[in-house]
There are 2 protein chains.
Amino acid sequence: MSQTTDPSPVSGFPRLDWVDEALLPALRGAVQGLPEAESLVARYHRGWCEADGSPRTADPGGGKAVRPALTLLSAVAAGAAPAVAVPGAVAVELVHDFTLLHDDVIDGDTLRRHRPAAWSLFGTPAAVLTGDALLVAALRALADVPAGAAAAAVQELIGTLDELVEGQSRDVAFEKAHGVTVADYLVMAAGKTGALMGCACALGGLLAGAGPGRVGGLREFGRRLGVAFQCADDVLGIWGRTARSGKPVGADLAARKKSLPVVAALAARGPAAGRLRALYRAPHPLTGDDIALARHLIEEAGGRRAAEDEARRQLTAALRALSRARPTADAYRQLHDIAWAMTHRES
Amino acid sequence: MSQTTDPSPVSGFPRLDWVDEALLPALRGAVQGLPEAESLVARYHRGWCEADGSPRTADPGGGKAVRPALTLLSAVAAGAAPAVAVPGAVAVELVHDFTLLHDDVIDGDTLRRHRPAAWSLFGTPAAVLTGDALLVAALRALADVPAGAAAAAVQELIGTLDELVEGQSRDVAFEKAHGVTVADYLVMAAGKTGALMGCACALGGLLAGAGPGRVGGLREFGRRLGVAFQCADDVLGIWGRTARSGKPVGADLAARKKSLPVVAALAARGPAAGRLRALYRAPHPLTGDDIALARHLIEEAGGRRAAEDEARRQLTAALRALSRARPTADAYRQLHDIAWAMTHRES
C-alpha cells in the first residue's frame, strides 16, 4: 500500500472542532460529576476556568484533544459512527489529565499549558486527590458503557495504567541513572507516551465492535505514534522556535532531563559527546551559556539527527500498523494527517 | 434470629493467622510485581522491611489484615472455599494501602503504623506514584480473575473507588467547614471507611458465585461495620488507653479533627458545648491543657455517648444485614467475632 511508505506533509494541525463537539458534553459531565473541590481543580487544569472558578477570557480552549480524536477516528476506521466511541474518548482524556496532575507533583514542574501547574496554586493535596478522582472517573466512563463492550474496554484501560505507572517509574529513575541507552529510552517512551495513545486507538476499535486483529492494528498504530510524538517533542524541547507543552524551550536542558537527543548524544563517540558528558556530570546548575553550549554539543554529537530519525522510523511503523487495521479511506487520511501534524509541528 | 439482636463480647481480636497464610503469597506477588522503587516504598509502608530494604527485626507483621479476612470469610459465608476469594482480598488490601499512602500526603500526617509515614521518608513524589501503582495493581488483581467473575468484581471496585474519592473529599472539606452535623459525618464515614469494607465483603460473595441478594447482604454488612468501626475508632482517638492506628492519643484533638464525638458535642446544647465551640474557633494552636479540657467538654456535652451509641447501632444493623445473607453458621460466628473485636478493641 503506497500510502504507508512515506508520509506526505500537510499544512498545519488538522481542525478538530468536530471532535470537541462530540467530546465536550460528555467530558464536561464527567468533570462536573466530581466532588466540588476536585471539579474546580480539574476545570482549572483543563483551562476551562480561572483558579477562582470564573470563566477564562483568553484562550478558553485548553489543550488539543489529540487522544480523543484518535479514539473517535479509530471507531470510524472500524466502520462505526464516532458517537459509539465517546466514552473511550472521555476515558483517555481523563487519564491523560490524571497523569499530568500527578506528574507535575512528582517532577515538581510549576508550569503546565502556559499557566501555573494545579499543585502550585491549589496545593499538592488537592492535585493528588483530583488526579485520583479523574482516574476513577475514567474507569467509571468505561464501566458504564452499555452491552458487552464495557468489560473489554475496562481491561484495555487497566493494562494501559500498568504501563503508565511503569513508564513514569522509569522516567523518574532515568534522571538519576548513568549510562541510559536509546533502547532504554524507547521502552520508557512506549510506556509513558505510547501506551495511552495505543489505548486511545484500541478503545475506538473495541467500542466499534472490531475484532482482535483490527483492534491490534489500531493499538500498534497509536503506540508507535506516541513514541514518534515523544521523540519529536524532545527535539522541540531543545530546538523549538516556540514554547511547547506550556514549558519554555531549554527547560529540559536546564533540568538535565534525559530526553532522546541527550541520551543519544551522551552515548555517542567523539569529542562533542565527551564534553557533553562532562557538562552533565558537573555538580553546579547549568547557566544560560551552559545550555547554549549543551544544545550545540548535542547537535554536533548527532543527538538531534538520531531523534529525528527515530521519530520518522516510528511514524512509518505507525502508519504501516494502521494499514493492517484496514481503515476506511477517509479515516486513514484523517488519522494520517493527525499523525503527521503531531510529529512535524514546526515543519 | 437471636444472634443478631445483641452482639456478645469475645476476648481479644480473633487469630487471623489462616488469613495471612492464604493472603500473603498472592499479596507479596502483587507488591513485588511493582516497579522496583515503588515496590520498596510499598513494602516499607506495609511493615515488611526497613526504609533501606533490609528485613525488619521487630514486629515484622504489619497491620491486621481485617479487610482481607472479611473477603475470605464472606466467600465462606456464601458456601465457597476461601481460596476463590484471594484475588478480592489482595485487591482490597492494595486499595487500602493506596488510600493510606495518598491520605497521609493529603493530610500531612507524619506517622503511620507507629513509624514515619512513607512520604516523610521517601518524599511526596514516591508516595504519590506508589499509591497510583497500588491502585492499578488492585484493578489488575481483579481483572485477572478467571471466568466470568472478573467483570462484576472490577465493576464493584470501581463503584467503591468513586465512593472513596467522594469520602476523602468530604473529609478534607470537613476540616474547614462550620456546622458539620452527625448526618454529614455518617455520609462521610460511609464513603471513607464503609465503602471499602462493603466492597471487601461483596467481593467475597461475588467470587464465591453468590447471587445479588446474598452479595447485597454481605455488602451492607461490610458498609455498616465500616461505619461502626470508624465511630469506635474516633472514641479511641480521644479516650483510648493506648495509641491506635499508629497515631498518638489526642492527635485528633490537637489537629481539631472533626471526629464523631467532636461533631456531636459541637452540635449539642448547654454550656459545655458552648465552651467547646469557643475552643475550636480560637485561632491559636491547642496546648496540652486545652486538649485535656476539650476531652472533658466533649464528654460532658454528650459527644462520647453519642459516638458509642452510633457505633452500637451500626454494628447491630451490620449483623442484621449479615443474617440476611444467610451465611453458614461457622462463617457467621467468625464474622461476628471480627466485627465485635473491631468495635470493642479496649473492652
# chains A, B, ... in the order shown; residues from 1 in each chain; ligands from 1

$ residues_around --residues "B:Pro82" --least-positions-apart "6" --cutoff "6 Å" --atoms "only C-alpha atoms" --output "PyMOL selection string"
chain B and resi 72+75-76

$ write_last_selection --atoms "C-alpha atoms" --output "PDB file, in the first residue's frame"
ATOM      1  CA  LEU B  72     -12.279 -14.602  52.602  1.00  0.00           C
ATOM      2  CA  ALA B  75     -16.737 -16.305  50.436  1.00  0.00           C
ATOM      3  CA  VAL B  76     -17.032 -18.984  53.130  1.00  0.00           C
TER       4      VAL B  76
END

$ calpha_fit_rmsd --fixed "chain A" --moving "chain B"
0.1 Å

$ interface_residues --of "chain A" --to "chain B" --cutoff "6 Å" --atoms "only C-alpha atoms" --output "JSON, numbers by chain"
{"A": [106, 125, 133, 151, 165]}

$ select_by_dssp --residues "stretch 130-312 of chain B" --states "helix (DSSP H, G or I)" --output "PDB file with C-alpha atoms, in the first residue's frame"
ATOM      1  CA  THR B 130       3.452   4.206  44.811  1.00  0.00           C
ATOM      2  CA  GLY B 131      -0.191   4.894  45.685  1.00  0.00           C
ATOM      3  CA  ASP B 132      -1.057   5.061  41.991  1.00  0.00           C
ATOM      4  CA  ALA B 133       0.841   1.823  41.384  1.00  0.00           C
ATOM      5  CA  LEU B 134      -1.020   0.028  44.203  1.00  0.00           C
ATOM      6  CA  LEU B 135      -4.402   1.170  42.890  1.00  0.00           C
ATOM      7  CA  VAL B 136      -3.553  -0.132  39.435  1.00  0.00           C
ATOM      8  CA  ALA B 137      -2.248  -3.413  40.933  1.00  0.00           C
ATOM      9  CA  ALA B 138      -5.586  -3.823  42.745  1.00  0.00           C
ATOM     10  CA  LEU B 139      -7.505  -3.414  39.493  1.00  0.00           C
ATOM     11  CA  ARG B 140      -5.116  -5.847  37.852  1.00  0.00           C
ATOM     12  CA  ALA B 141      -5.673  -8.469  40.592  1.00  0.00           C
ATOM     13  CA  LEU B 142      -9.410  -8.479  39.861  1.00  0.00           C
ATOM     14  CA  ALA B 143      -9.096  -8.171  36.082  1.00  0.00           C
ATOM     15  CA  ALA B 149     -16.385 -13.103  37.707  1.00  0.00           C
ATOM     16  CA  ALA B 150     -13.753 -10.539  36.646  1.00  0.00           C
ATOM     17  CA  ALA B 151     -16.147  -8.033  35.079  1.00  0.00           C
ATOM     18  CA  ALA B 152     -18.510  -7.897  38.074  1.00  0.00           C
ATOM     19  CA  ALA B 153     -15.598  -7.747  40.510  1.00  0.00           C
ATOM     20  CA  VAL B 154     -13.939  -4.856  38.651  1.00  0.00           C
ATOM     21  CA  GLN B 155     -17.302  -3.041  38.494  1.00  0.00           C
ATOM     22  CA  GLU B 156     -17.701  -3.488  42.251  1.00  0.00           C
ATOM     23  CA  LEU B 157     -14.267  -1.994  42.847  1.00  0.00           C
ATOM     24  CA  ILE B 158     -14.841   0.964  40.502  1.00  0.00           C
ATOM     25  CA  GLY B 159     -18.053   1.845  42.345  1.00  0.00           C
ATOM     26  CA  THR B 160     -16.131   1.694  45.605  1.00  0.00           C
ATOM     27  CA  LEU B 161     -13.339   3.917  44.298  1.00  0.00           C
ATOM     28  CA  ASP B 162     -15.961   6.528  43.378  1.00  0.00           C
ATOM     29  CA  GLU B 163     -17.134   6.499  46.980  1.00  0.00           C
ATOM     30  CA  LEU B 164     -13.615   6.584  48.430  1.00  0.00           C
ATOM     31  CA  VAL B 165     -12.773   9.711  46.439  1.00  0.00           C
ATOM     32  CA  GLU B 166     -16.039  11.342  47.485  1.00  0.00           C
ATOM     33  CA  GLY B 167     -15.473  10.360  51.139  1.00  0.00           C
ATOM     34  CA  GLN B 168     -11.921  11.677  51.175  1.00  0.00           C
ATOM     35  CA  SER B 169     -13.090  14.912  49.544  1.00  0.00           C
ATOM     36  CA  ARG B 170     -15.762  15.339  52.224  1.00  0.00           C
ATOM     37  CA  ASP B 171     -13.218  14.591  54.953  1.00  0.00           C
ATOM     38  CA  VAL B 172     -10.879  17.313  53.680  1.00  0.00           C
ATOM     39  CA  ALA B 173     -13.796  19.780  53.364  1.00  0.00           C
ATOM     40  CA  PHE B 174     -14.970  18.978  56.927  1.00  0.00           C
ATOM     41  CA  VAL B 182     -23.827  13.965  62.700  1.00  0.00           C
ATOM     42  CA  ALA B 183     -25.686  13.111  59.478  1.00  0.00           C
ATOM     43  CA  ASP B 184     -22.882  14.734  57.434  1.00  0.00           C
ATOM     44  CA  TYR B 185     -20.369  12.701  59.418  1.00  0.00           C
ATOM     45  CA  LEU B 186     -22.166   9.432  58.734  1.00  0.00           C
ATOM     46  CA  VAL B 187     -22.241  10.114  54.984  1.00  0.00           C
ATOM     47  CA  MET B 188     -18.514  10.867  55.067  1.00  0.00           C
ATOM     48  CA  ALA B 189     -17.714   7.743  57.106  1.00  0.00           C
ATOM     49  CA  ALA B 190     -19.844   5.593  54.792  1.00  0.00           C
ATOM     50  CA  GLY B 191     -17.677   6.755  51.890  1.00  0.00           C
ATOM     51  CA  LYS B 192     -14.288   6.884  53.533  1.00  0.00           C
ATOM     52  CA  THR B 193     -14.475   3.715  55.660  1.00  0.00           C
ATOM     53  CA  GLY B 194     -17.729   1.887  54.913  1.00  0.00           C
ATOM     54  CA  ALA B 195     -17.366   1.638  51.145  1.00  0.00           C
ATOM     55  CA  LEU B 196     -14.134  -0.391  51.139  1.00  0.00           C
ATOM     56  CA  MET B 197     -15.286  -2.787  53.866  1.00  0.00           C
ATOM     57  CA  GLY B 198     -18.554  -3.223  51.965  1.00  0.00           C
ATOM     58  CA  CYS B 199     -16.519  -3.924  48.835  1.00  0.00           C
ATOM     59  CA  ALA B 200     -14.366  -6.435  50.741  1.00  0.00           C
ATOM     60  CA  CYS B 201     -17.460  -8.429  51.725  1.00  0.00           C
ATOM     61  CA  ALA B 202     -19.246  -8.078  48.368  1.00  0.00           C
ATOM     62  CA  LEU B 203     -16.146  -9.305  46.504  1.00  0.00           C
ATOM     63  CA  GLY B 204     -16.036 -12.408  48.711  1.00  0.00           C
ATOM     64  CA  GLY B 205     -19.639 -13.150  47.761  1.00  0.00           C
ATOM     65  CA  LEU B 206     -19.138 -12.342  44.080  1.00  0.00           C
ATOM     66  CA  LEU B 207     -16.042 -14.511  43.731  1.00  0.00           C
ATOM     67  CA  PRO B 212     -27.282 -10.454  44.006  1.00  0.00           C
ATOM     68  CA  GLY B 213     -29.370 -10.812  47.194  1.00  0.00           C
ATOM     69  CA  ARG B 214     -26.626 -12.528  49.131  1.00  0.00           C
ATOM     70  CA  VAL B 215     -23.931 -10.213  47.748  1.00  0.00           C
ATOM     71  CA  GLY B 216     -26.117  -7.252  48.721  1.00  0.00           C
ATOM     72  CA  GLY B 217     -26.449  -8.525  52.304  1.00  0.00           C
ATOM     73  CA  LEU B 218     -22.707  -9.053  52.585  1.00  0.00           C
ATOM     74  CA  ARG B 219     -22.015  -5.595  51.117  1.00  0.00           C
ATOM     75  CA  GLU B 220     -24.380  -3.952  53.588  1.00  0.00           C
ATOM     76  CA  PHE B 221     -22.792  -5.874  56.475  1.00  0.00           C
ATOM     77  CA  GLY B 222     -19.366  -4.546  55.497  1.00  0.00           C
ATOM     78  CA  ARG B 223     -20.566  -0.967  54.960  1.00  0.00           C
ATOM     79  CA  ARG B 224     -22.298  -0.786  58.333  1.00  0.00           C
ATOM     80  CA  LEU B 225     -19.352  -2.464  60.026  1.00  0.00           C
ATOM     81  CA  GLY B 226     -17.031   0.107  58.476  1.00  0.00           C
ATOM     82  CA  VAL B 227     -19.074   2.981  59.872  1.00  0.00           C
ATOM     83  CA  ALA B 228     -19.312   1.266  63.279  1.00  0.00           C
ATOM     84  CA  PHE B 229     -15.547   0.788  63.252  1.00  0.00           C
ATOM     85  CA  GLN B 230     -14.946   4.442  62.361  1.00  0.00           C
ATOM     86  CA  CYS B 231     -17.237   5.642  65.188  1.00  0.00           C
ATOM     87  CA  ALA B 232     -15.475   3.386  67.701  1.00  0.00           C
ATOM     88  CA  ASP B 233     -12.061   4.392  66.359  1.00  0.00           C
ATOM     89  CA  ASP B 234     -12.925   8.060  66.826  1.00  0.00           C
ATOM     90  CA  VAL B 235     -13.695   7.364  70.501  1.00  0.00           C
ATOM     91  CA  LEU B 236     -10.346   5.601  70.935  1.00  0.00           C
ATOM     92  CA  GLY B 237      -8.621   8.552  69.267  1.00  0.00           C
ATOM     93  CA  ILE B 238      -9.712  10.721  72.214  1.00  0.00           C
ATOM     94  CA  TRP B 239     -10.063   8.348  75.180  1.00  0.00           C
ATOM     95  CA  ALA B 251      -3.614  13.816  67.938  1.00  0.00           C
ATOM     96  CA  ASP B 252      -7.140  14.153  66.512  1.00  0.00           C
ATOM     97  CA  LEU B 253      -7.922  16.851  69.084  1.00  0.00           C
ATOM     98  CA  ALA B 254      -4.622  18.652  68.569  1.00  0.00           C
ATOM     99  CA  LEU B 260     -17.755  11.938  65.616  1.00  0.00           C
ATOM    100  CA  PRO B 261     -17.556  12.765  69.362  1.00  0.00           C
ATOM    101  CA  VAL B 262     -16.451  16.290  68.437  1.00  0.00           C
ATOM    102  CA  VAL B 263     -19.145  16.736  65.769  1.00  0.00           C
ATOM    103  CA  ALA B 264     -21.851  15.529  68.158  1.00  0.00           C
ATOM    104  CA  ALA B 265     -20.582  17.710  71.022  1.00  0.00           C
ATOM    105  CA  LEU B 266     -20.216  20.842  68.860  1.00  0.00           C
ATOM    106  CA  PRO B 271     -22.598  25.260  78.488  1.00  0.00           C
ATOM    107  CA  ALA B 272     -20.026  22.507  77.783  1.00  0.00           C
ATOM    108  CA  ALA B 273     -20.864  22.565  74.066  1.00  0.00           C
ATOM    109  CA  GLY B 274     -20.587  26.358  74.054  1.00  0.00           C
ATOM    110  CA  ARG B 275     -17.162  26.310  75.666  1.00  0.00           C
ATOM    111  CA  LEU B 276     -16.016  23.626  73.225  1.00  0.00           C
ATOM    112  CA  ARG B 277     -17.164  25.696  70.220  1.00  0.00           C
ATOM    113  CA  ALA B 278     -15.181  28.670  71.540  1.00  0.00           C
ATOM    114  CA  LEU B 279     -12.079  26.488  71.993  1.00  0.00           C
ATOM    115  CA  TYR B 280     -12.390  25.079  68.456  1.00  0.00           C
ATOM    116  CA  ARG B 281     -12.837  28.567  66.996  1.00  0.00           C
ATOM    117  CA  GLY B 288      -1.817  20.114  76.295  1.00  0.00           C
ATOM    118  CA  ASP B 289      -4.160  21.758  78.809  1.00  0.00           C
ATOM    119  CA  ASP B 290      -6.528  22.791  76.016  1.00  0.00           C
ATOM    120  CA  ILE B 291      -6.643  19.193  74.791  1.00  0.00           C
ATOM    121  CA  ALA B 292      -7.400  17.860  78.269  1.00  0.00           C
ATOM    122  CA  LEU B 293     -10.138  20.483  78.614  1.00  0.00           C
ATOM    123  CA  ALA B 294     -11.567  19.629  75.190  1.00  0.00           C
ATOM    124  CA  ARG B 295     -11.655  15.946  76.091  1.00  0.00           C
ATOM    125  CA  HIS B 296     -13.608  16.800  79.240  1.00  0.00           C
ATOM    126  CA  LEU B 297     -16.008  19.165  77.457  1.00  0.00           C
ATOM    127  CA  ILE B 298     -16.735  16.676  74.666  1.00  0.00           C
ATOM    128  CA  GLU B 299     -17.641  14.011  77.225  1.00  0.00           C
ATOM    129  CA  GLU B 300     -19.750  16.459  79.247  1.00  0.00           C
ATOM    130  CA  GLY B 303     -20.151  13.521  72.383  1.00  0.00           C
ATOM    131  CA  ARG B 304     -18.646  10.309  73.690  1.00  0.00           C
ATOM    132  CA  ARG B 305     -22.015   8.762  74.470  1.00  0.00           C
ATOM    133  CA  ALA B 306     -23.356   9.758  71.025  1.00  0.00           C
ATOM    134  CA  ALA B 307     -20.422   8.116  69.258  1.00  0.00           C
ATOM    135  CA  GLU B 308     -20.644   4.938  71.338  1.00  0.00           C
ATOM    136  CA  ASP B 309     -24.394   4.718  70.723  1.00  0.00           C
ATOM    137  CA  GLU B 310     -23.880   5.225  66.981  1.00  0.00           C
ATOM    138  CA  ALA B 311     -21.202   2.510  66.864  1.00  0.00           C
ATOM    139  CA  ARG B 312     -23.595   0.121  68.603  1.00  0.00           C
TER     140      ARG B 312
END

$ residues_around --residues "B:Asp20" --least-positions-apart "6" --cutoff "10 Å" --atoms "only C-alpha atoms" --output "VMD selection string"
chain B and resid 27 61 64 to 65 68 to 69

$ atom_distance --atom1 "atom CA of B:Ala118" --atom2 "atom CA of B:Tyr44"
7.4 Å

$ atom_distance --atom1 "atom CA of B:Arg115" --atom2 "atom CA of B:Gly250"
17.3 Å

$ select_by_dssp --residues "stretch 77-301 of chain A" --states "strand (DSSP E)" --output "list in words"
Leu111, Arg112, Arg115 and Pro116 of chain A

$ decode --residues "stretch 161-192 of chain B" --atoms "N, CA, C and O atoms" --output "PDB file, in the first residue's frame"
ATOM      1  N   LEU B 161     -14.332   2.846  44.462  1.00  0.00           N
ATOM      2  CA  LEU B 161     -13.339   3.917  44.298  1.00  0.00           C
ATOM      3  C   LEU B 161     -14.031   5.265  44.176  1.00  0.00           C
ATOM      4  O   LEU B 161     -13.573   6.263  44.738  1.00  0.00           O
ATOM      5  N   ASP B 162     -15.138   5.307  43.442  1.00  0.00           N
ATOM      6  CA  ASP B 162     -15.961   6.528  43.378  1.00  0.00           C
ATOM      7  C   ASP B 162     -16.285   7.026  44.789  1.00  0.00           C
ATOM      8  O   ASP B 162     -16.140   8.214  45.086  1.00  0.00           O
ATOM      9  N   GLU B 163     -16.722   6.113  45.627  1.00  0.00           N
ATOM     10  CA  GLU B 163     -17.134   6.499  46.980  1.00  0.00           C
ATOM     11  C   GLU B 163     -15.939   6.900  47.840  1.00  0.00           C
ATOM     12  O   GLU B 163     -16.042   7.795  48.680  1.00  0.00           O
ATOM     13  N   LEU B 164     -14.814   6.240  47.659  1.00  0.00           N
ATOM     14  CA  LEU B 164     -13.615   6.584  48.430  1.00  0.00           C
ATOM     15  C   LEU B 164     -13.164   8.007  48.120  1.00  0.00           C
ATOM     16  O   LEU B 164     -12.805   8.770  49.024  1.00  0.00           O
ATOM     17  N   VAL B 165     -13.178   8.356  46.834  1.00  0.00           N
ATOM     18  CA  VAL B 165     -12.773   9.711  46.439  1.00  0.00           C
ATOM     19  C   VAL B 165     -13.727  10.729  47.049  1.00  0.00           C
ATOM     20  O   VAL B 165     -13.307  11.741  47.623  1.00  0.00           O
ATOM     21  N   GLU B 166     -15.017  10.443  46.929  1.00  0.00           N
ATOM     22  CA  GLU B 166     -16.039  11.342  47.485  1.00  0.00           C
ATOM     23  C   GLU B 166     -15.866  11.462  49.011  1.00  0.00           C
ATOM     24  O   GLU B 166     -15.930  12.570  49.567  1.00  0.00           O
ATOM     25  N   GLY B 167     -15.633  10.345  49.678  1.00  0.00           N
ATOM     26  CA  GLY B 167     -15.473  10.360  51.139  1.00  0.00           C
ATOM     27  C   GLY B 167     -14.243  11.138  51.570  1.00  0.00           C
ATOM     28  O   GLY B 167     -14.284  11.919  52.527  1.00  0.00           O
ATOM     29  N   GLN B 168     -13.143  10.947  50.836  1.00  0.00           N
ATOM     30  CA  GLN B 168     -11.921  11.677  51.175  1.00  0.00           C
ATOM     31  C   GLN B 168     -12.120  13.169  50.926  1.00  0.00           C
ATOM     32  O   GLN B 168     -11.661  14.008  51.713  1.00  0.00           O
ATOM     33  N   SER B 169     -12.815  13.507  49.846  1.00  0.00           N
ATOM     34  CA  SER B 169     -13.090  14.912  49.544  1.00  0.00           C
ATOM     35  C   SER B 169     -13.925  15.543  50.660  1.00  0.00           C
ATOM     36  O   SER B 169     -13.633  16.656  51.112  1.00  0.00           O
ATOM     37  N   ARG B 170     -14.943  14.825  51.121  1.00  0.00           N
ATOM     38  CA  ARG B 170     -15.762  15.339  52.224  1.00  0.00           C
ATOM     39  C   ARG B 170     -14.919  15.499  53.493  1.00  0.00           C
ATOM     40  O   ARG B 170     -15.083  16.467  54.237  1.00  0.00           O
ATOM     41  N   ASP B 171     -14.032  14.537  53.740  1.00  0.00           N
ATOM     42  CA  ASP B 171     -13.218  14.591  54.953  1.00  0.00           C
ATOM     43  C   ASP B 171     -12.331  15.835  54.949  1.00  0.00           C
ATOM     44  O   ASP B 171     -12.204  16.532  55.957  1.00  0.00           O
ATOM     45  N   VAL B 172     -11.720  16.121  53.792  1.00  0.00           N
ATOM     46  CA  VAL B 172     -10.879  17.313  53.680  1.00  0.00           C
ATOM     47  C   VAL B 172     -11.733  18.571  53.888  1.00  0.00           C
ATOM     48  O   VAL B 172     -11.334  19.493  54.614  1.00  0.00           O
ATOM     49  N   ALA B 173     -12.928  18.601  53.264  1.00  0.00           N
ATOM     50  CA  ALA B 173     -13.796  19.780  53.364  1.00  0.00           C
ATOM     51  C   ALA B 173     -14.276  19.997  54.803  1.00  0.00           C
ATOM     52  O   ALA B 173     -14.408  21.137  55.252  1.00  0.00           O
ATOM     53  N   PHE B 174     -14.525  18.897  55.531  1.00  0.00           N
ATOM     54  CA  PHE B 174     -14.970  18.978  56.927  1.00  0.00           C
ATOM     55  C   PHE B 174     -14.067  19.852  57.771  1.00  0.00           C
ATOM     56  O   PHE B 174     -14.523  20.590  58.631  1.00  0.00           O
ATOM     57  N   GLU B 175     -12.764  19.700  57.545  1.00  0.00           N
ATOM     58  CA  GLU B 175     -11.825  20.356  58.451  1.00  0.00           C
ATOM     59  C   GLU B 175     -11.909  21.871  58.340  1.00  0.00           C
ATOM     60  O   GLU B 175     -11.503  22.583  59.245  1.00  0.00           O
ATOM     61  N   LYS B 176     -12.440  22.359  57.206  1.00  0.00           N
ATOM     62  CA  LYS B 176     -12.605  23.810  57.068  1.00  0.00           C
ATOM     63  C   LYS B 176     -14.040  24.248  57.346  1.00  0.00           C
ATOM     64  O   LYS B 176     -14.311  25.439  57.497  1.00  0.00           O
ATOM     65  N   ALA B 177     -14.997  23.300  57.363  1.00  0.00           N
ATOM     66  CA  ALA B 177     -16.415  23.661  57.415  1.00  0.00           C
ATOM     67  C   ALA B 177     -16.870  23.960  58.839  1.00  0.00           C
ATOM     68  O   ALA B 177     -16.307  23.463  59.814  1.00  0.00           O
ATOM     69  N   HIS B 178     -17.919  24.804  58.935  1.00  0.00           N
ATOM     70  CA  HIS B 178     -18.603  25.017  60.213  1.00  0.00           C
ATOM     71  C   HIS B 178     -19.962  24.338  60.135  1.00  0.00           C
ATOM     72  O   HIS B 178     -20.513  24.152  59.059  1.00  0.00           O
ATOM     73  N   GLY B 179     -20.492  23.952  61.294  1.00  0.00           N
ATOM     74  CA  GLY B 179     -21.849  23.421  61.317  1.00  0.00           C
ATOM     75  C   GLY B 179     -21.977  22.034  60.725  1.00  0.00           C
ATOM     76  O   GLY B 179     -23.016  21.674  60.170  1.00  0.00           O
ATOM     77  N   VAL B 180     -20.895  21.214  60.790  1.00  0.00           N
ATOM     78  CA  VAL B 180     -20.990  19.827  60.334  1.00  0.00           C
ATOM     79  C   VAL B 180     -21.936  19.065  61.273  1.00  0.00           C
ATOM     80  O   VAL B 180     -21.821  19.169  62.491  1.00  0.00           O
ATOM     81  N   THR B 181     -22.882  18.320  60.702  1.00  0.00           N
ATOM     82  CA  THR B 181     -23.839  17.572  61.520  1.00  0.00           C
ATOM     83  C   THR B 181     -23.427  16.104  61.631  1.00  0.00           C
ATOM     84  O   THR B 181     -22.567  15.629  60.875  1.00  0.00           O
ATOM     85  N   VAL B 182     -24.072  15.403  62.564  1.00  0.00           N
ATOM     86  CA  VAL B 182     -23.827  13.965  62.700  1.00  0.00           C
ATOM     87  C   VAL B 182     -24.203  13.254  61.403  1.00  0.00           C
ATOM     88  O   VAL B 182     -23.517  12.318  60.973  1.00  0.00           O
ATOM     89  N   ALA B 183     -25.284  13.718  60.758  1.00  0.00           N
ATOM     90  CA  ALA B 183     -25.686  13.111  59.478  1.00  0.00           C
ATOM     91  C   ALA B 183     -24.589  13.294  58.424  1.00  0.00           C
ATOM     92  O   ALA B 183     -24.280  12.361  57.677  1.00  0.00           O
ATOM     93  N   ASP B 184     -24.002  14.499  58.361  1.00  0.00           N
ATOM     94  CA  ASP B 184     -22.882  14.734  57.434  1.00  0.00           C
ATOM     95  C   ASP B 184     -21.739  13.743  57.716  1.00  0.00           C
ATOM     96  O   ASP B 184     -21.135  13.176  56.811  1.00  0.00           O
ATOM     97  N   TYR B 185     -21.459  13.600  59.022  1.00  0.00           N
ATOM     98  CA  TYR B 185     -20.369  12.701  59.418  1.00  0.00           C
ATOM     99  C   TYR B 185     -20.624  11.278  58.929  1.00  0.00           C
ATOM    100  O   TYR B 185     -19.727  10.610  58.418  1.00  0.00           O
ATOM    101  N   LEU B 186     -21.866  10.819  59.095  1.00  0.00           N
ATOM    102  CA  LEU B 186     -22.166   9.432  58.734  1.00  0.00           C
ATOM    103  C   LEU B 186     -22.051   9.210  57.226  1.00  0.00           C
ATOM    104  O   LEU B 186     -21.603   8.146  56.780  1.00  0.00           O
ATOM    105  N   VAL B 187     -22.410  10.224  56.440  1.00  0.00           N
ATOM    106  CA  VAL B 187     -22.241  10.114  54.984  1.00  0.00           C
ATOM    107  C   VAL B 187     -20.752  10.033  54.644  1.00  0.00           C
ATOM    108  O   VAL B 187     -20.321   9.198  53.837  1.00  0.00           O
ATOM    109  N   MET B 188     -19.960  10.882  55.310  1.00  0.00           N
ATOM    110  CA  MET B 188     -18.514  10.867  55.067  1.00  0.00           C
ATOM    111  C   MET B 188     -17.920   9.509  55.455  1.00  0.00           C
ATOM    112  O   MET B 188     -17.155   8.912  54.697  1.00  0.00           O
ATOM    113  N   ALA B 189     -18.274   9.010  56.627  1.00  0.00           N
ATOM    114  CA  ALA B 189     -17.714   7.743  57.106  1.00  0.00           C
ATOM    115  C   ALA B 189     -18.158   6.575  56.228  1.00  0.00           C
ATOM    116  O   ALA B 189     -17.401   5.616  56.021  1.00  0.00           O
ATOM    117  N   ALA B 190     -19.381   6.648  55.697  1.00  0.00           N
ATOM    118  CA  ALA B 190     -19.844   5.593  54.792  1.00  0.00           C
ATOM    119  C   ALA B 190     -18.965   5.551  53.550  1.00  0.00           C
ATOM    120  O   ALA B 190     -18.644   4.472  53.042  1.00  0.00           O
ATOM    121  N   GLY B 191     -18.541   6.720  53.060  1.00  0.00           N
ATOM    122  CA  GLY B 191     -17.677   6.755  51.890  1.00  0.00           C
ATOM    123  C   GLY B 191     -16.246   6.386  52.229  1.00  0.00           C
ATOM    124  O   GLY B 191     -15.640   5.520  51.612  1.00  0.00           O
ATOM    125  N   LYS B 192     -15.720   7.018  53.253  1.00  0.00           N
ATOM    126  CA  LYS B 192     -14.288   6.884  53.533  1.00  0.00           C
ATOM    127  C   LYS B 192     -13.935   5.532  54.150  1.00  0.00           C
ATOM    128  O   LYS B 192     -12.864   4.996  53.889  1.00  0.00           O
TER     129      LYS B 192
END
